[in-house]
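The structure under discussion appears below in the form of structure tokens.
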Amino acid sequence: MNIEEIKHIADIAMIEFSEEELKGFQDNFNETFALVNEIKNLSLDDLEMTFHVNDTINNLRPDEIKNSLKVEEATKNTAEEKYGYFKIIKFVE
């Protein structure tokens, strides 16, 4: 990942970084991507598929139907509302 890509992500997130911080991010990203690529290249042909690594049973609670907030109540503290929804900044290109 190059500095320009990192600056672009920072601009989208509205975060400012010094040149030194950006250089550090570049080193960290490249190191992380190198590790990910190393993992992607591992041979898994001789391994048996595993779903759980221990004997844990699915212990999620059952779904319960509950009353929801009314639109007015849910959006009463938002900075901006549009059509009964939270209005957010569009940052997807």
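Chain lettering (A, B, ...) mirrors the order of the structure tokens, residue numbering begins at 1 for each chain separately, and ligand numbering begins at 1 in order of display.
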Can you pull out every residue from range 3-74 of chain A that DSSP, working from the backbone, puts in alpha helix (DSSP H), and format the result as a PyMOL selection string? chain A and resi 3-12+19-40+71-74
Would you save the residues of that selection, restricted to C-alpha atoms, as a tab-separated table (two decimals), in the first residue's frame?
```
chain	number	residue	atom	x	y	z
A	3	ILE	CA	1.29	6.71	0.82
A	4	GLU	CA	-1.34	8.08	-1.60
A	5	GLU	CA	-3.70	5.17	-0.85
A	6	ILE	CA	-3.24	5.70	2.90
A	7	LYS	CA	-3.89	9.45	2.49
A	8	HIS	CA	-7.05	8.65	0.54
A	9	ILE	CA	-8.34	6.37	3.32
A	10	ALA	CA	-7.45	9.01	5.92
A	11	ASP	CA	-9.33	11.65	3.89
A	12	ILE	CA	-12.42	9.44	3.75
A	19	GLU	CA	4.20	12.47	7.04
A	20	GLU	CA	6.06	10.47	9.70
A	21	GLU	CA	2.83	8.77	10.82
A	22	LEU	CA	1.91	8.00	7.21
A	23	LYS	CA	5.31	6.39	6.64
A	24	GLY	CA	4.78	4.26	9.76
A	25	PHE	CA	1.36	3.20	8.48
A	26	GLN	CA	2.84	2.29	5.13
A	27	ASP	CA	5.43	0.04	6.80
A	28	ASN	CA	2.78	-1.57	9.03
A	29	PHE	CA	0.33	-2.14	6.16
A	30	ASN	CA	3.00	-3.66	3.95
A	31	GLU	CA	4.15	-5.95	6.75
A	32	THR	CA	0.56	-7.03	7.42
A	33	PHE	CA	-0.13	-7.65	3.72
A	34	ALA	CA	3.06	-9.70	3.48
A	35	LEU	CA	1.86	-11.89	6.37
A	36	VAL	CA	-1.58	-12.27	4.78
A	37	ASN	CA	0.01	-13.31	1.48
A	38	GLU	CA	2.20	-15.80	3.34
A	39	ILE	CA	-0.90	-17.30	4.96
A	40	LYS	CA	-2.70	-17.41	1.59
A	71	VAL	CA	-39.01	6.24	14.27
A	72	GLU	CA	-39.47	9.59	16.03
A	73	GLU	CA	-37.96	8.24	19.24
A	74	ALA	CA	-35.02	6.60	17.46
```
Could you list, as a ChimeraX atom specification, every residue within 12 Å of Ala79 in chain A, counting only C-alpha atoms and ignoring same-chain residues fewer than 4 positions away? /A:75,85-89
Between A:Ile65, A:Met49, A:Leu44, A:Ala13, which residue has the minimum interatomic distance to Lys90 in chain A, considering only C-alpha atoms?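 Looking at the shortest contact to Lys90 in chain A, the residue is A:Ala13.
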Enumerate the residues of chain A with a DSSP assignment of strand (DSSP E or B), computed from the backbone, and present them as a PyMOL selection string. chain A and resi 81-82+85-86
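The spacing separating CA of Lys76 in chain A from CA of Val92 in chain A amounts to 26.0 Å.
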Mind pulling up the distance from CA of Glu80 in chain A to CA of Asn67 in chain A?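 Atom-to-atom, CA of Asn67 in chain A to CA of Glu80 in chain A, that is 24.4 Å.
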Have a look at CA of Leu69 in chain A and CA of Gly84 in chain A and let me know their distance in Å, one decimal.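 Computing the Euclidean distance for CA of Leu69 in chain A and CA of Gly84 in chain A yields 12.5 Å.
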